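To start, the structure itself, in structure tokens.
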Amino acid sequence: LPISLTRNEPVMRLKQDSDAVPALTARSVLLVDATQGSVLFSDNAEKEIPLASLTKLATVITFLELHIPATNRVIISASDVVDARSALAAGDDVSVNDLIGLTIVGSSNSAAKALITASGLSPEYFVGRMNVLARELGLSHMRFVEPTGLNAGNVGTALDVYRLLDESGHYPEVRAFAQKDSYTFWNGKEEKTMKATDELVAGGVPFRG
């Protein structure tokens with residue numbers, strides 16, 4: 001992730017020729033020259049929309065700020081398991097590092113929930129810390145109600161997301177995992193692999209032709 005803007009630095013905006021605006025399907029667009037800190041194009045960039053799995057960036061950063069050893073083991077509980085595609089099942093014995101990897105690489109909802117279990121904090125307090133993080137970063141429109149992004153109550157703007165990405169780039173764990181096209185781990189019984197959901201690293205851009 002190329003990093004240029006600091007959390008308190010204003011974003012410079014460049015005027016665009018309206019005739020050059022491409023056809024858009026996204027509800028919100030922000031294109032930034034990260035080396036210059038300038039916005040090349042924006043459309044509804046300050047509109048609040050559901051964050052979906054981008055929520056997990058704040059979940060991971062909030063967890064990393066607790067400085068819990070990556071080698072700590074976590075037994076997955078039934079309450080942590082959200083869906084089958086999350087690669088985790090009740091009784092799995094995994095490391096904290098595995099949970100971080102699965103959350104970032106495979107966007108595992110169960111791993112994101114299990115990070116709260118691994119933190120030793122209550123879900124309410126952990127999510128509260130996520131919201132404190134947003135305020136500290138100046139993300140005035142970003143709010144969280146849970147750690148996975150499945151709830152549409154997790155909202156933010158495209159500009160908020162850019163600043164969250166900027167912050168995440170300062171964490172070596174996030175940078176390393178964000179470049180992996182898959183993550184393989186041992187769950188105590190067998191080796192499993194979860195593929196990346198990010199099309200940029202999974203080889204799906206330009207969208208498989």
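In the structure tokens, chains take the letters A, B, ... in the order shown, each chain's residues start at 1, and ligands count up from 1 in the order shown.
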Next on the checklist: Quick one: residues within 6 Å of A:Met194, only C-alpha atoms, excluding same-chain residues fewer than 3 positions away - as a PyMOL selection string?
Outcome noted: chain A and resi 106+182-183
Worksheet item: Could you pull out all residues of stretch 2-207 of chain A with a DSSP call of alpha helix (DSSP H) and give them as number ranges by chain?
Response: A: 55-64, 96-105, 109-119, 123-136, 158-168, 172-178, 199-202
Would you list the contacts of A:Tyr162 as a PyMOL selection string, taking every protein, DNA or RNA residue within 10 Å and counting only C-alpha atoms, but skipping same-chain residues closer than 3 positions in sequence?
chain A and resi 5+30-32+34+45+139+157-159+165-168
What would the file look like if the residues just selected were written as a CSV table (one decimal), in the first residue's frame with all heavy atoms?
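This went into out_24.csv:
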chain,number,residue,atom,x,y,z
A,5,LEU,N,-0.8,10.2,2.9
A,5,LEU,CA,-1.6,11.1,3.7
A,5,LEU,C,-1.4,10.7,5.2
A,5,LEU,O,-1.4,9.5,5.5
A,5,LEU,CB,-3.1,11.0,3.4
A,5,LEU,CG,-3.5,11.6,2.0
A,5,LEU,CD1,-5.0,11.5,1.8
A,5,LEU,CD2,-3.0,13.0,1.9
A,30,LEU,N,-13.5,6.9,-5.2
A,30,LEU,CA,-12.4,7.8,-4.8
A,30,LEU,C,-11.2,7.2,-5.5
A,30,LEU,O,-10.8,6.1,-5.2
A,30,LEU,CB,-12.3,7.9,-3.3
A,30,LEU,CG,-11.2,8.8,-2.8
A,30,LEU,CD1,-11.6,10.3,-3.1
A,30,LEU,CD2,-10.9,8.6,-1.3
A,31,LEU,N,-10.5,8.0,-6.3
A,31,LEU,CA,-9.3,7.7,-6.9
A,31,LEU,C,-8.2,8.6,-6.5
A,31,LEU,O,-8.3,9.8,-6.7
A,31,LEU,CB,-9.4,7.7,-8.5
A,31,LEU,CG,-8.2,7.4,-9.3
A,31,LEU,CD1,-7.7,6.0,-9.0
A,31,LEU,CD2,-8.4,7.6,-10.8
A,32,VAL,N,-7.2,8.1,-5.8
A,32,VAL,CA,-6.2,9.0,-5.1
A,32,VAL,C,-4.8,8.7,-5.7
A,32,VAL,O,-4.4,7.5,-5.9
A,32,VAL,CB,-6.2,8.7,-3.6
A,32,VAL,CG1,-5.1,9.6,-2.9
A,32,VAL,CG2,-7.5,9.1,-3.0
A,34,ALA,N,-1.6,8.4,-4.4
A,34,ALA,CA,-1.1,8.3,-3.1
A,34,ALA,C,0.3,8.9,-2.9
A,34,ALA,O,0.7,9.2,-1.8
A,34,ALA,CB,-1.1,6.8,-2.6
A,45,ALA,N,-18.0,10.5,-2.8
A,45,ALA,CA,-16.9,10.0,-1.9
A,45,ALA,C,-17.2,10.4,-0.4
A,45,ALA,O,-16.5,9.8,0.5
A,45,ALA,CB,-15.6,10.6,-2.3
A,139,LEU,N,-12.1,9.7,11.2
A,139,LEU,CA,-13.1,9.2,10.3
A,139,LEU,C,-14.5,9.5,10.9
A,139,LEU,O,-15.2,8.6,11.4
A,139,LEU,CB,-12.9,7.7,10.2
A,139,LEU,CG,-11.5,7.2,9.9
A,139,LEU,CD1,-11.3,5.7,9.8
A,139,LEU,CD2,-10.9,7.9,8.7
A,157,THR,N,-17.6,6.4,4.6
A,157,THR,CA,-17.5,7.0,3.3
A,157,THR,C,-16.2,6.5,2.6
A,157,THR,O,-15.4,5.9,3.2
A,157,THR,CB,-17.4,8.6,3.4
A,157,THR,OG1,-16.1,8.9,4.0
A,157,THR,CG2,-18.5,9.1,4.2
A,158,ALA,N,-16.2,6.7,1.3
A,158,ALA,CA,-15.0,6.3,0.5
A,158,ALA,C,-13.7,7.0,1.0
A,158,ALA,O,-12.7,6.4,1.1
A,158,ALA,CB,-15.2,6.6,-1.0
A,159,LEU,N,-13.9,8.3,1.4
A,159,LEU,CA,-12.8,9.0,2.0
A,159,LEU,C,-12.3,8.4,3.3
A,159,LEU,O,-11.1,8.3,3.6
A,159,LEU,CB,-13.1,10.5,2.2
A,159,LEU,CG,-12.0,11.4,2.7
A,159,LEU,CD1,-10.8,11.4,1.7
A,159,LEU,CD2,-12.5,12.8,2.8
A,165,LEU,N,-7.3,2.6,5.1
A,165,LEU,CA,-6.3,1.9,4.3
A,165,LEU,C,-4.9,2.5,4.6
A,165,LEU,O,-3.9,1.8,4.8
A,165,LEU,CB,-6.6,1.9,2.8
A,165,LEU,CG,-7.7,1.1,2.3
A,165,LEU,CD1,-8.1,1.5,0.9
A,165,LEU,CD2,-7.3,-0.4,2.4
A,166,ASP,N,-4.9,3.8,4.7
A,166,ASP,CA,-3.6,4.5,5.0
A,166,ASP,C,-3.1,4.0,6.3
A,166,ASP,O,-1.9,3.7,6.4
A,166,ASP,CB,-3.9,6.0,4.9
A,166,ASP,CG,-2.7,6.8,5.3
A,166,ASP,OD1,-1.6,6.7,4.6
A,166,ASP,OD2,-2.7,7.6,6.3
A,167,GLU,N,-3.9,4.0,7.3
A,167,GLU,CA,-3.5,3.6,8.6
A,167,GLU,C,-3.1,2.1,8.6
A,167,GLU,O,-2.1,1.7,9.3
A,167,GLU,CB,-4.7,3.8,9.6
A,167,GLU,CG,-4.4,3.4,11.1
A,167,GLU,CD,-3.3,4.2,11.7
A,167,GLU,OE1,-2.9,5.2,11.2
A,167,GLU,OE2,-2.8,3.8,12.8
A,168,SER,N,-3.8,1.3,8.0
A,168,SER,CA,-3.5,-0.2,8.0
A,168,SER,C,-2.2,-0.5,7.4
A,168,SER,O,-1.5,-1.4,7.8
A,168,SER,CB,-4.6,-1.0,7.2
A,168,SER,OG,-4.5,-0.7,5.8
**Request:** Give me, please, the distance in Å between atom CA of A:Lys189 and atom CA of A:Ser95, quoted to one decimal.
**Result:**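 Taking atom CA of A:Lys189 as the start and atom CA of A:Ser95 as the end point, the length is 13.5 Å.
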